[in-house]
$ cat work-v7.cif   # mmCIF, C-alpha atoms and all ligand atoms
data_my_file
#
loop_
_atom_site.label_atom_id
_atom_site.label_comp_id
_atom_site.auth_asym_id
_atom_site.auth_seq_id
_atom_site.Cartn_x
_atom_site.Cartn_y
_atom_site.Cartn_z
CA MET A 1 3.32 -45.36 71.60
CA ALA A 2 4.04 -43.50 68.35
CA ARG A 3 5.54 -40.05 67.89
CA LEU A 4 4.03 -38.34 64.85
CA LEU A 5 4.96 -35.28 62.85
CA VAL A 6 1.77 -33.99 61.23
CA THR A 7 2.59 -31.45 58.53
CA GLY A 8 -0.21 -29.08 57.54
CA GLY A 9 -2.06 -29.91 60.77
CA ALA A 10 -3.74 -26.49 60.90
CA GLY A 11 -5.43 -27.15 57.55
CA PHE A 12 -8.73 -28.88 56.90
CA ILE A 13 -7.76 -32.55 56.79
CA GLY A 14 -4.69 -32.21 59.00
CA ALA A 15 -6.72 -30.66 61.83
CA ASN A 16 -9.41 -33.32 61.51
CA PHE A 17 -6.65 -35.94 61.60
CA VAL A 18 -5.25 -34.47 64.85
CA HIS A 19 -8.73 -34.52 66.43
CA TYR A 20 -9.31 -38.08 65.23
CA TRP A 21 -5.88 -39.43 66.13
CA SER A 22 -5.78 -37.87 69.60
CA ARG A 23 -9.16 -39.44 70.41
CA ARG A 24 -8.14 -42.86 69.12
CA HIS A 25 -4.50 -42.88 70.30
CA PRO A 26 -4.39 -40.76 73.46
CA ASP A 27 -0.89 -41.95 74.42
CA ASP A 28 0.76 -40.84 71.17
CA ARG A 29 2.82 -37.66 70.90
CA LEU A 30 1.75 -35.29 68.10
CA VAL A 31 3.90 -32.51 66.71
CA VAL A 32 2.14 -30.29 64.17
CA LEU A 33 4.30 -28.39 61.71
CA ASP A 34 2.35 -25.76 59.80
CA ALA A 35 3.38 -22.52 58.11
CA LEU A 36 -0.05 -20.97 58.83
CA THR A 37 -0.53 -19.81 55.27
CA TYR A 38 -3.83 -18.26 54.21
CA ALA A 39 -5.34 -21.77 54.64
CA GLY A 40 -3.93 -22.50 58.09
CA VAL A 41 -6.20 -21.96 61.08
CA ARG A 42 -4.46 -22.46 64.42
CA GLU A 43 -7.84 -22.51 66.23
CA SER A 44 -8.89 -25.66 64.32
CA LEU A 45 -6.58 -27.72 66.51
CA PRO A 46 -7.74 -29.18 69.83
CA GLU A 47 -6.27 -28.01 73.17
CA LEU A 48 -4.56 -31.16 74.40
CA GLY A 49 -1.73 -29.82 76.55
CA ASP A 50 2.01 -29.74 75.75
CA GLU A 51 2.55 -33.36 76.69
CA ARG A 52 0.33 -34.60 73.88
CA LEU A 53 0.42 -31.90 71.22
CA ARG A 54 3.06 -29.38 70.24
CA PHE A 55 2.41 -26.78 67.55
CA VAL A 56 5.39 -25.54 65.56
CA ALA A 57 4.92 -22.64 63.15
CA GLY A 58 7.30 -23.52 60.33
CA ASP A 59 7.74 -24.39 56.69
CA VAL A 60 8.17 -27.93 55.36
CA ARG A 61 10.73 -26.50 52.92
CA ASP A 62 13.02 -25.72 55.87
CA GLN A 63 14.93 -28.99 55.78
CA ALA A 64 17.28 -28.15 58.66
CA GLY A 65 14.33 -27.17 60.83
CA VAL A 66 12.54 -30.43 60.07
CA GLU A 67 15.68 -32.47 60.79
CA GLY A 68 16.00 -30.68 64.12
CA LEU A 69 12.39 -31.50 64.99
CA LEU A 70 12.70 -35.16 64.01
CA ARG A 71 15.77 -35.47 66.25
CA ALA A 72 14.68 -33.35 69.21
CA GLU A 73 11.25 -34.94 69.41
CA ARG A 74 12.47 -38.46 68.47
CA LEU A 75 9.67 -38.64 65.90
CA ASP A 76 9.13 -41.97 64.14
CA THR A 77 6.21 -41.17 61.82
CA VAL A 78 5.51 -38.38 59.35
CA VAL A 79 1.98 -37.83 58.09
CA HIS A 80 2.43 -35.28 55.35
CA PHE A 81 -0.64 -33.14 54.64
CA ALA A 82 1.00 -29.74 54.09
CA ALA A 83 0.36 -28.46 50.60
CA GLU A 84 -1.17 -25.72 48.54
CA SER A 85 -4.42 -27.58 47.98
CA HIS A 86 -6.69 -25.39 45.86
CA VAL A 87 -6.91 -26.13 42.13
CA ASP A 88 -8.16 -22.64 41.23
CA ARG A 89 -5.25 -20.98 43.05
CA SER A 90 -2.83 -23.32 41.28
CA ILE A 91 -4.26 -22.14 37.96
CA ALA A 92 -3.93 -18.50 39.03
CA GLY A 93 -0.34 -18.97 40.28
CA PRO A 94 1.31 -22.33 39.56
CA ARG A 95 4.91 -21.59 40.59
CA HIS A 96 4.28 -21.23 44.30
CA VAL A 97 2.10 -24.36 44.33
CA VAL A 98 4.81 -26.42 42.65
CA ASP A 99 7.42 -24.98 44.99
CA VAL A 100 5.51 -25.93 48.15
CA ASN A 101 4.09 -29.24 47.00
CA VAL A 102 7.15 -30.61 45.21
CA LEU A 103 10.13 -29.00 46.93
CA GLY A 104 8.38 -29.11 50.31
CA THR A 105 7.92 -32.86 49.96
CA LEU A 106 11.52 -33.23 48.78
CA SER A 107 12.82 -31.35 51.85
CA LEU A 108 10.80 -33.55 54.17
CA LEU A 109 12.03 -36.71 52.44
CA GLU A 110 15.62 -35.53 52.70
CA ALA A 111 15.22 -34.71 56.39
CA ALA A 112 13.65 -38.13 57.01
CA ARG A 113 16.38 -39.93 55.07
CA ARG A 114 19.19 -38.16 56.98
CA VAL A 115 17.72 -38.64 60.44
CA TRP A 116 16.09 -42.05 60.08
CA ILE A 117 18.47 -43.80 57.68
CA GLU A 118 21.86 -42.02 57.54
CA ASP A 119 22.06 -41.27 61.27
CA GLY A 120 19.85 -44.25 62.17
CA PRO A 121 18.63 -46.75 61.51
CA VAL A 122 15.38 -45.83 63.24
CA ALA A 123 12.10 -47.74 62.70
CA HIS A 124 9.97 -45.23 60.85
CA ARG A 125 7.14 -44.52 58.41
CA PHE A 126 6.71 -41.62 55.99
CA HIS A 127 3.08 -41.35 54.89
CA HIS A 128 2.23 -39.02 52.03
CA VAL A 129 -1.34 -37.78 51.69
CA SER A 130 -2.11 -37.43 48.00
CA THR A 131 -5.08 -37.06 45.74
CA ASP A 132 -7.10 -38.85 43.08
CA GLU A 133 -6.45 -35.87 40.78
CA VAL A 134 -3.06 -37.38 39.86
CA TYR A 135 -4.95 -39.94 37.75
CA GLY A 136 -6.57 -37.27 35.58
CA SER A 137 -10.16 -37.23 34.43
CA LEU A 138 -12.62 -40.07 33.72
CA GLY A 139 -15.29 -40.27 31.05
CA PRO A 140 -18.85 -41.06 32.18
CA GLU A 141 -18.52 -44.81 31.54
CA ASP A 142 -14.88 -45.35 32.57
CA PRO A 143 -14.15 -47.64 35.52
CA PRO A 144 -12.99 -45.86 38.72
CA PHE A 145 -9.30 -45.17 39.41
CA THR A 146 -7.31 -48.05 40.85
CA GLU A 147 -3.76 -47.89 42.15
CA ALA A 148 -2.65 -49.14 38.70
CA THR A 149 -4.28 -46.28 36.77
CA PRO A 150 -1.55 -44.35 34.92
CA TYR A 151 -0.87 -40.81 36.13
CA ALA A 152 -2.33 -38.07 33.90
CA PRO A 153 -2.63 -34.89 36.00
CA ASN A 154 -4.40 -31.96 34.33
CA SER A 155 -4.00 -28.95 36.64
CA PRO A 156 -0.78 -27.47 38.03
CA TYR A 157 -1.98 -28.60 41.48
CA ALA A 158 -2.54 -32.19 40.31
CA ALA A 159 0.82 -32.21 38.49
CA SER A 160 2.58 -31.00 41.64
CA LYS A 161 0.98 -33.76 43.73
CA ALA A 162 1.93 -36.32 41.09
CA ALA A 163 5.54 -35.11 41.18
CA ALA A 164 5.53 -35.36 44.97
CA ASP A 165 4.16 -38.93 44.78
CA HIS A 166 6.97 -39.87 42.40
CA LEU A 167 9.58 -38.45 44.78
CA VAL A 168 8.12 -40.40 47.70
CA ARG A 169 8.25 -43.58 45.65
CA ALA A 170 11.82 -42.82 44.53
CA TYR A 171 12.98 -42.39 48.15
CA HIS A 172 11.60 -45.82 48.92
CA GLU A 173 13.21 -47.50 45.94
CA THR A 174 16.54 -45.65 46.13
CA TYR A 175 17.18 -45.13 49.83
CA GLY A 176 14.91 -47.70 51.44
CA LEU A 177 12.77 -45.08 53.19
CA ALA A 178 9.64 -46.78 54.58
CA VAL A 179 6.84 -44.95 52.80
CA THR A 180 3.15 -45.26 52.05
CA ILE A 181 1.01 -43.06 49.83
CA SER A 182 -2.75 -42.63 49.92
CA ASN A 183 -4.69 -41.09 47.05
CA CYS A 184 -8.14 -40.00 48.10
CA SER A 185 -11.15 -38.30 46.61
CA ASN A 186 -12.82 -34.99 47.57
CA ASN A 187 -13.16 -34.62 51.32
CA TYR A 188 -15.92 -32.73 53.12
CA GLY A 189 -16.64 -32.06 56.80
CA PRO A 190 -15.79 -29.61 59.62
CA TYR A 191 -12.92 -27.06 59.45
CA HIS A 192 -13.07 -27.03 55.62
CA PHE A 193 -11.68 -23.73 54.32
CA PRO A 194 -14.50 -21.71 52.68
CA GLU A 195 -12.84 -21.52 49.26
CA LYS A 196 -13.82 -25.12 48.36
CA LEU A 197 -17.22 -26.00 46.92
CA ILE A 198 -19.22 -27.17 49.94
CA PRO A 199 -18.04 -24.72 52.64
CA LEU A 200 -17.95 -21.80 50.17
CA PHE A 201 -21.55 -22.46 49.18
CA ILE A 202 -22.66 -22.82 52.81
CA VAL A 203 -21.18 -19.45 53.81
CA ASN A 204 -22.40 -17.82 50.59
CA LEU A 205 -25.94 -18.92 51.39
CA LEU A 206 -25.75 -17.78 55.01
CA GLU A 207 -24.40 -14.41 53.84
CA GLY A 208 -26.96 -14.06 51.04
CA ARG A 209 -24.55 -14.42 48.09
CA ASP A 210 -25.11 -16.41 44.91
CA LEU A 211 -23.74 -19.91 44.27
CA PRO A 212 -21.25 -19.82 41.34
CA LEU A 213 -21.37 -23.28 39.79
CA TYR A 214 -18.70 -23.77 37.13
CA GLY A 215 -19.81 -24.74 33.62
CA GLU A 216 -23.05 -26.70 33.67
CA GLY A 217 -22.50 -28.30 37.08
CA VAL A 218 -22.10 -31.72 35.44
CA ASN A 219 -18.61 -32.48 36.78
CA VAL A 220 -18.59 -35.47 39.08
CA ARG A 221 -16.65 -35.79 42.35
CA ASP A 222 -16.51 -38.80 44.69
CA TRP A 223 -17.25 -37.34 48.14
CA LEU A 224 -15.45 -38.75 51.17
CA HIS A 225 -16.22 -37.63 54.72
CA VAL A 226 -13.00 -36.38 56.29
CA GLU A 227 -13.40 -38.71 59.25
CA ASP A 228 -13.56 -41.72 56.92
CA HIS A 229 -10.42 -40.37 55.27
CA CYS A 230 -8.69 -40.28 58.69
CA ARG A 231 -9.94 -43.82 59.31
CA GLY A 232 -8.36 -44.89 56.02
CA ILE A 233 -5.01 -43.28 56.85
CA GLU A 234 -5.13 -44.98 60.25
CA ARG A 235 -5.50 -48.36 58.54
CA VAL A 236 -2.59 -47.60 56.20
CA LEU A 237 -0.35 -46.53 59.10
CA ALA A 238 -1.33 -49.61 61.09
CA ALA A 239 -1.07 -52.28 58.42
CA GLY A 240 -0.06 -50.76 55.07
CA ARG A 241 2.91 -52.28 53.31
CA SER A 242 5.94 -50.05 52.83
CA GLY A 243 6.27 -48.80 49.27
CA ARG A 244 2.60 -49.40 48.57
CA VAL A 245 -0.12 -47.02 47.38
CA TYR A 246 -3.70 -47.13 48.71
CA ASN A 247 -6.71 -45.38 47.22
CA ILE A 248 -9.17 -44.03 49.79
CA GLY A 249 -12.79 -43.46 48.82
CA THR A 250 -16.32 -44.54 49.63
CA ARG A 251 -17.99 -44.99 46.22
CA ASN A 252 -19.98 -41.80 46.49
CA GLU A 253 -20.02 -40.16 43.06
CA ARG A 254 -22.22 -37.13 42.56
CA SER A 255 -22.41 -34.30 40.07
CA ASN A 256 -21.71 -30.85 41.47
CA LEU A 257 -25.27 -29.80 40.66
CA GLU A 258 -26.62 -32.77 42.61
CA VAL A 259 -24.45 -31.90 45.65
CA VAL A 260 -25.38 -28.24 45.54
CA GLU A 261 -29.11 -28.96 45.18
CA GLN A 262 -28.92 -31.33 48.14
CA LEU A 263 -27.08 -28.69 50.15
CA CYS A 264 -29.68 -26.06 49.23
CA LEU A 265 -32.50 -28.32 50.42
CA ALA A 266 -30.62 -29.00 53.67
CA VAL A 267 -30.22 -25.25 54.32
CA ASP A 268 -33.91 -24.59 53.51
CA ALA A 269 -34.92 -27.37 55.92
CA ALA A 270 -32.58 -26.14 58.68
CA PHE A 271 -34.21 -22.67 58.54
CA GLU A 272 -37.68 -24.24 58.62
CA ARG A 273 -36.79 -26.31 61.69
CA ASP A 274 -35.01 -23.56 63.61
CA GLY A 275 -36.77 -20.19 63.62
CA GLY A 276 -33.72 -18.55 65.25
CA LEU A 277 -31.59 -18.96 62.11
CA ALA A 278 -33.49 -16.27 60.22
CA SER A 279 -32.50 -13.62 62.76
CA ARG A 280 -28.90 -14.84 62.89
CA PHE A 281 -28.59 -14.90 59.09
CA PRO A 282 -31.08 -12.30 57.79
CA GLU A 283 -29.53 -12.24 54.29
CA ALA A 284 -29.89 -16.00 53.74
CA PRO A 285 -32.53 -16.85 51.11
CA PRO A 286 -34.91 -18.71 53.50
CA ALA A 287 -34.82 -15.72 55.87
CA ARG A 288 -36.20 -13.64 52.96
CA GLY A 289 -38.82 -16.13 51.89
CA GLU A 290 -36.74 -17.55 49.01
CA ARG A 291 -35.51 -21.07 48.25
CA CYS A 292 -31.73 -21.53 48.35
CA GLY A 293 -31.77 -23.33 44.98
CA ALA A 294 -32.81 -20.05 43.32
CA ARG A 295 -29.29 -18.75 44.09
CA ILE A 296 -27.49 -21.21 41.79
CA ARG A 297 -25.70 -19.40 38.96
CA PHE A 298 -23.91 -21.20 36.13
CA VAL A 299 -20.68 -19.31 35.58
CA ARG A 300 -17.54 -19.51 33.44
CA ASP A 301 -15.95 -22.94 33.70
CA ARG A 302 -12.62 -23.74 35.36
CA PRO A 303 -9.91 -24.11 32.66
CA GLY A 304 -9.02 -27.79 32.17
CA HIS A 305 -11.88 -28.75 34.51
CA ASP A 306 -11.68 -32.52 35.10
CA LEU A 307 -15.02 -34.07 34.23
CA ARG A 308 -15.13 -36.95 36.66
CA TYR A 309 -13.19 -38.55 39.53
CA ALA A 310 -14.09 -41.92 41.03
CA ILE A 311 -12.05 -44.03 43.41
CA ASP A 312 -11.95 -47.80 43.58
CA PRO A 313 -11.01 -48.51 47.23
CA THR A 314 -10.94 -52.32 46.88
CA ARG A 315 -7.27 -52.66 47.92
CA LEU A 316 -7.82 -50.69 51.14
CA GLU A 317 -10.96 -52.69 51.93
CA THR A 318 -9.63 -56.16 51.16
CA GLU A 319 -6.01 -55.85 52.31
CA LEU A 320 -6.46 -53.52 55.27
CA GLY A 321 -10.10 -54.02 56.31
CA PHE A 322 -11.16 -50.41 55.71
CA ALA A 323 -14.87 -49.84 56.41
CA PRO A 324 -16.23 -46.30 56.07
CA ARG A 325 -18.92 -45.15 58.49
CA VAL A 326 -20.35 -41.89 57.20
CA GLU A 327 -23.22 -41.92 54.74
CA PHE A 328 -23.34 -38.82 52.50
CA ALA A 329 -26.75 -37.35 53.44
CA ALA A 330 -25.96 -37.62 57.17
CA GLY A 331 -22.40 -36.33 56.64
CA LEU A 332 -23.66 -33.31 54.68
CA GLU A 333 -26.26 -32.52 57.37
CA ASP A 334 -23.61 -32.78 60.09
CA THR A 335 -21.28 -30.54 58.10
CA LEU A 336 -24.00 -27.91 57.67
CA ARG A 337 -24.79 -28.14 61.39
CA TRP A 338 -21.08 -27.64 62.17
CA TYR A 339 -20.96 -24.42 60.11
CA LEU A 340 -24.14 -23.16 61.77
CA ASP A 341 -22.66 -23.89 65.19
CA HIS A 342 -19.19 -22.47 64.45
CA GLU A 343 -19.96 -19.10 62.92
CA ASP A 344 -17.04 -17.53 64.79
CA TRP A 345 -14.62 -19.97 63.08
CA TRP A 346 -15.62 -19.06 59.52
CA ARG A 347 -16.31 -15.38 60.19
CA ARG A 348 -12.71 -14.91 61.33
CA ILE A 349 -11.59 -16.29 57.96
CA LEU A 350 -14.07 -14.18 55.98
CA GLU A 351 -12.68 -11.08 57.69
CA ARG A 352 -9.09 -11.82 56.62
CA GLY A 353 -7.87 -9.47 53.90
CA SER A 354 -6.25 -12.37 52.03
CA TYR A 355 -9.58 -14.20 51.85
CA ARG A 356 -11.54 -11.17 50.69
CA GLU A 357 -8.87 -10.45 48.09
CA TRP A 358 -9.06 -14.01 46.68
CA ILE A 359 -12.87 -13.93 46.46
CA ARG A 360 -12.77 -10.51 44.78
CA ARG A 361 -10.09 -11.52 42.27
CA HIS A 362 -11.58 -14.91 41.44
CA TYR A 363 -15.31 -14.24 41.60
CA GLY A 364 -15.50 -10.50 40.94
CA GLU A 365 -16.64 -7.57 43.07
CA ALA A 366 -19.98 -9.11 44.05
CA GLY A 367 -18.20 -12.26 45.22
CA ASP A 368 -20.39 -14.59 43.26
CA ALA A 369 -19.75 -14.58 39.52
CA PRO A 370 -16.39 -15.08 37.75
P1 LIG B 401 -5.63 -27.08 53.30
O1 LIG B 401 -5.32 -26.12 52.22
O2 LIG B 401 -6.90 -26.94 54.06
O3 LIG B 401 -4.45 -27.07 54.38
C1 LIG B 401 -3.11 -27.05 54.02
C2 LIG B 401 -2.29 -26.74 55.27
O4 LIG B 401 -0.91 -26.78 54.93
C3 LIG B 401 -2.56 -25.34 55.85
O5 LIG B 401 -2.71 -25.41 57.24
C4 LIG B 401 -1.31 -24.56 55.47
O6 LIG B 401 -1.00 -23.54 56.41
C5 LIG B 401 -0.26 -25.66 55.47
N1 LIG B 401 0.88 -25.34 54.61
C6 LIG B 401 0.86 -24.87 53.33
N2 LIG B 401 2.11 -24.67 52.90
C7 LIG B 401 2.95 -25.04 53.89
C8 LIG B 401 4.35 -25.10 54.04
N3 LIG B 401 5.17 -24.69 53.05
N4 LIG B 401 4.87 -25.57 55.19
C9 LIG B 401 4.06 -25.96 56.20
N5 LIG B 401 2.72 -25.92 56.13
C10 LIG B 401 2.16 -25.47 54.99
O7 LIG B 401 -5.51 -28.52 52.64
P2 LIG B 401 -6.37 -29.84 52.91
O8 LIG B 401 -7.61 -29.77 52.12
O9 LIG B 401 -6.43 -30.07 54.37
O10 LIG B 401 -5.43 -30.92 52.21
C11 LIG B 401 -4.43 -31.59 52.97
C12 LIG B 401 -3.69 -32.54 52.05
O11 LIG B 401 -4.60 -33.48 51.51
C13 LIG B 401 -3.03 -31.87 50.85
O12 LIG B 401 -1.78 -32.48 50.65
C14 LIG B 401 -3.97 -32.15 49.69
O13 LIG B 401 -3.25 -32.21 48.49
C15 LIG B 401 -4.51 -33.50 50.09
N6 LIG B 401 -5.86 -33.81 49.60
C16 LIG B 401 -6.91 -32.99 49.90
C17 LIG B 401 -8.20 -33.36 49.49
C18 LIG B 401 -9.40 -32.51 49.81
O14 LIG B 401 -10.49 -32.84 49.36
N7 LIG B 401 -9.26 -31.43 50.59
C19 LIG B 401 -8.39 -34.53 48.76
C20 LIG B 401 -7.28 -35.30 48.42
C21 LIG B 401 -6.02 -34.95 48.88
O1 LIG B 402 -10.23 -34.84 44.35
C1 LIG B 402 -9.44 -34.44 45.40
C2 LIG B 402 -9.24 -32.94 45.37
O2 LIG B 402 -10.47 -32.35 45.77
C3 LIG B 402 -8.10 -32.46 46.26
O3 LIG B 402 -6.89 -33.00 45.81
C4 LIG B 402 -8.03 -30.94 46.29
O4 LIG B 402 -7.04 -30.53 47.23
C5 LIG B 402 -9.37 -30.41 46.73
O5 LIG B 402 -9.37 -28.99 46.70
C6 LIG B 402 -10.48 -30.95 45.82
O6 LIG B 402 -10.31 -30.43 44.47
P1 LIG B 402 -11.58 -29.96 43.60
O7 LIG B 402 -11.11 -29.01 42.58
O8 LIG B 402 -12.38 -31.12 43.17
O9 LIG B 402 -12.41 -29.21 44.78
P2 LIG B 402 -13.25 -27.83 44.77
O10 LIG B 402 -14.00 -27.79 46.06
O11 LIG B 402 -12.39 -26.67 44.41
O12 LIG B 402 -14.27 -28.08 43.59
C7 LIG B 402 -15.16 -29.17 43.61
C8 LIG B 402 -15.97 -29.11 42.33
O13 LIG B 402 -16.81 -27.96 42.38
C9 LIG B 402 -15.11 -28.95 41.09
O14 LIG B 402 -15.71 -29.69 40.03
C10 LIG B 402 -15.17 -27.46 40.79
C11 LIG B 402 -16.54 -27.05 41.31
N1 LIG B 402 -16.64 -25.67 41.84
C12 LIG B 402 -15.74 -25.28 42.79
C13 LIG B 402 -15.78 -24.00 43.29
C14 LIG B 402 -14.78 -23.53 44.34
C15 LIG B 402 -17.63 -24.83 41.41
O15 LIG B 402 -18.47 -25.22 40.57
N2 LIG B 402 -17.68 -23.57 41.91
C16 LIG B 402 -16.79 -23.10 42.82
O16 LIG B 402 -16.88 -21.91 43.24
#
$ encode --input "work-v7.cif" --output "structure tokens"
Amino acid sequence: MARLLVTGGAGFIGANFVHYWSRRHPDDRLVVLDALTYAGVRESLPELGDERLRFVAGDVRDQAGVEGLLRAERLDTVVHFAAESHVDRSIAGPRHVVDVNVLGTLSLLEAARRVWIEDGPVAHRFHHVSTDEVYGSLGPEDPPFTEATPYAPNSPYAASKAAADHLVRAYHETYGLAVTISNCSNNYGPYHFPEKLIPLFIVNLLEGRDLPLYGEGVNVRDWLHVEDHCRGIERVLAAGRSGRVYNIGTRNERSNLEVVEQLCLAVDAAFERDGGLASRFPEAPPARGERCGARIRFVRDRPGHDLRYAIDPTRLETELGFAPRVEFAAGLEDTLRWYLDHEDWWRRILERGSYREWIRRHYGEAGDAP
């Protein structure tokens, strides 16, 4: 039986990880530490009872608080998701993102070192959830990122994650902390905060707003279903070698335009299949006799917009037996279905002042065109 600290567990991937892990490892104890920032949604977590899941509202930068938790709960594993995760917000305000992502990771590492090594030794694992963005941007013909690709982060967010990765590595080399790092590609799935491409465009369509595609929509991302991501982390925790880095991806490169067109067709088809959707979402294009694709608008590009990410997951597959299960078309359909079935979840977010303020500042008054 393991005792896990899941930081950022009220966020998109962290919450999916808690759902996944609690199904697969029902005897494990889970403690979620989350500051409930604008991106934290307490309701995304399952109700499992105090024996199995404890939620702690707190900041990963509070080193003393984390040390106290590690000791009081006798935790032996950290899975570190907590971060400021949005590239556009990191461009609008880099200092806070660096503070949380770099100093937050440093505080956690220090707490782990003091409790597990200095006051230990305790058998432990510190797993850091990182991103493919640390490797920079690929040209159209470049081979995908491997674990040996040199770091070349281009946004403040990516640079902060790269710095955090370096600190995690340094704690392994210097203090002998047992660490693993996973660098994964763009996730999609349930509980995804509607500021990121796929969930933003779903709620925009359902609310009758335009779809602001940056530049010419030619940028390529390598889409990974969040459950396959959790599956990959599970393999790393089970069999990953301490000090080692594992890329997680499913070889699923698509241009943004391709993804958005596929999403538009899926929404059109959902409205055709289910006559009730038009009355629930009267502003959505299919409810007004329009095709969703007509709502795509090419808008000002993101500064420093990375052209292409692609992950080579060979190490995870060959060393740890990782086998993804979710095919993109089915995963996208399921994701759309989840948003249609969980309107209360996303409407609560849309009503938050902080969300409306971000959309207004970033996309303009109409909410659809920077
Ligand atoms: P998210 O923004 O949805 O969630 C982040 C969570 O962290 C929120 O619940 C927030 O309240 C919490 N948090 C923020 N600052 C905190 C602090 N100081 N202390 C405690 N909690 C804090 O992010 P996500 O998309 O779920 O990403 C999770 C992790 O995965 C991040 O580290 C991100 O860099 C990484 N990642 C994400 C993706 C992706 O596609 N979403 C891909 C690769 C890597
Ligand atoms: O690659 C992994 C990364 O994926 C993670 O490390 C980040 O935490 C996560 O946010 C994500 O970063 P991206 O910048 O790739 O995700 P985002 O959903 O913001 O954008 C995906 C693509 O869509 C990107 O090329 C920018 C574009 N885009 C995004 C938004 C929000 C648009 O064209 N319009 C938009 O309104």
$ residues_around --input "work-v7.cif" --residues "Glu110 of chain A" --least-positions-apart "4" --cutoff "10 Å" --atoms "only C-alpha atoms" --output "PyMOL selection string"
chain A and resi 63-64+66-67+104-106+114-116+171+177
$ atom_distance --input "work-v7.cif" --atom1 "atom CA of Tyr363 of chain A" --atom2 "atom O16 of ligand LIG 402 (chain B)"
8.0 Å
$ atom_distance --input "work-v7.cif" --atom1 "atom C5 of ligand LIG 402 (chain B)" --atom2 "atom CA of Ala111 of chain A"
26.8 Å
$ atom_distance --input "work-v7.cif" --atom1 "atom CA of Asn252 of chain A" --atom2 "atom CA of Trp223 of chain A"
5.5 Å
$ closest_residue --input "work-v7.cif" --among "A:Ala123, A:Val168, A:Leu320, A:Leu336" --to "Asp268 of chain A" --atoms "all atoms listed in the file"
A:Leu336
$ residues_around --input "work-v7.cif" --residues "segment 92-101 of chain A" --least-positions-apart "6" --cutoff "12 Å" --atoms "only C-alpha atoms" --output "PyMOL selection string"
chain A and resi 7-8+35+37+59-62+80-86+107-108+128-130+155-168+302-303+358+361-362
$ residues_around --input "work-v7.cif" --residues "Asp50 of chain A" --least-positions-apart "2" --cutoff "10 Å" --atoms "all atoms listed in the file" --output "list in words"
Arg29, Leu30, Val31, Glu47, Leu48, Arg52, Leu53, Arg54 and Phe55 of chain A
$ residues_near_ligand --input "work-v7.cif" --ligand "ligand LIG 402 (chain B)" --cutoff "9 Å" --atoms "all atoms listed in the file" --output "tab-separated table (two decimals) with C-alpha atoms, in the coordinates of the input"
chain	number	residue	atom	x	y	z
A	83	ALA	CA	0.36	-28.46	50.60
A	84	GLU	CA	-1.17	-25.72	48.54
A	85	SER	CA	-4.42	-27.58	47.98
A	86	HIS	CA	-6.69	-25.39	45.86
A	87	VAL	CA	-6.91	-26.13	42.13
A	88	ASP	CA	-8.16	-22.64	41.23
A	130	SER	CA	-2.11	-37.43	48.00
A	131	THR	CA	-5.08	-37.06	45.74
A	132	ASP	CA	-7.10	-38.85	43.08
A	133	GLU	CA	-6.45	-35.87	40.78
A	134	VAL	CA	-3.06	-37.38	39.86
A	157	TYR	CA	-1.98	-28.60	41.48
A	158	ALA	CA	-2.54	-32.19	40.31
A	161	LYS	CA	0.98	-33.76	43.73
A	183	ASN	CA	-4.69	-41.09	47.05
A	184	CYS	CA	-8.14	-40.00	48.10
A	185	SER	CA	-11.15	-38.30	46.61
A	186	ASN	CA	-12.82	-34.99	47.57
A	187	ASN	CA	-13.16	-34.62	51.32
A	188	TYR	CA	-15.92	-32.73	53.12
A	194	PRO	CA	-14.50	-21.71	52.68
A	195	GLU	CA	-12.84	-21.52	49.26
A	196	LYS	CA	-13.82	-25.12	48.36
A	197	LEU	CA	-17.22	-26.00	46.92
A	198	ILE	CA	-19.22	-27.17	49.94
A	199	PRO	CA	-18.04	-24.72	52.64
A	200	LEU	CA	-17.95	-21.80	50.17
A	201	PHE	CA	-21.55	-22.46	49.18
A	211	LEU	CA	-23.74	-19.91	44.27
A	212	PRO	CA	-21.25	-19.82	41.34
A	213	LEU	CA	-21.37	-23.28	39.79
A	214	TYR	CA	-18.70	-23.77	37.13
A	215	GLY	CA	-19.81	-24.74	33.62
A	216	GLU	CA	-23.05	-26.70	33.67
A	217	GLY	CA	-22.50	-28.30	37.08
A	218	VAL	CA	-22.10	-31.72	35.44
A	219	ASN	CA	-18.61	-32.48	36.78
A	220	VAL	CA	-18.59	-35.47	39.08
A	221	ARG	CA	-16.65	-35.79	42.35
A	222	ASP	CA	-16.51	-38.80	44.69
A	223	TRP	CA	-17.25	-37.34	48.14
A	255	SER	CA	-22.41	-34.30	40.07
A	256	ASN	CA	-21.71	-30.85	41.47
A	257	LEU	CA	-25.27	-29.80	40.66
A	298	PHE	CA	-23.91	-21.20	36.13
A	299	VAL	CA	-20.68	-19.31	35.58
A	301	ASP	CA	-15.95	-22.94	33.70
A	302	ARG	CA	-12.62	-23.74	35.36
A	305	HIS	CA	-11.88	-28.75	34.51
A	306	ASP	CA	-11.68	-32.52	35.10
A	307	LEU	CA	-15.02	-34.07	34.23
A	308	ARG	CA	-15.13	-36.95	36.66
A	309	TYR	CA	-13.19	-38.55	39.53
A	310	ALA	CA	-14.09	-41.92	41.03
A	362	HIS	CA	-11.58	-14.91	41.44
A	363	TYR	CA	-15.31	-14.24	41.60
A	368	ASP	CA	-20.39	-14.59	43.26
A	369	ALA	CA	-19.75	-14.58	39.52
A	370	PRO	CA	-16.39	-15.08	37.75
$ residues_around --input "work-v7.cif" --residues "Glu283 of chain A" --least-positions-apart "6" --cutoff "7 Å" --atoms "all atoms listed in the file" --output "list in words"
Leu206, Glu207 and Gly208 of chain A
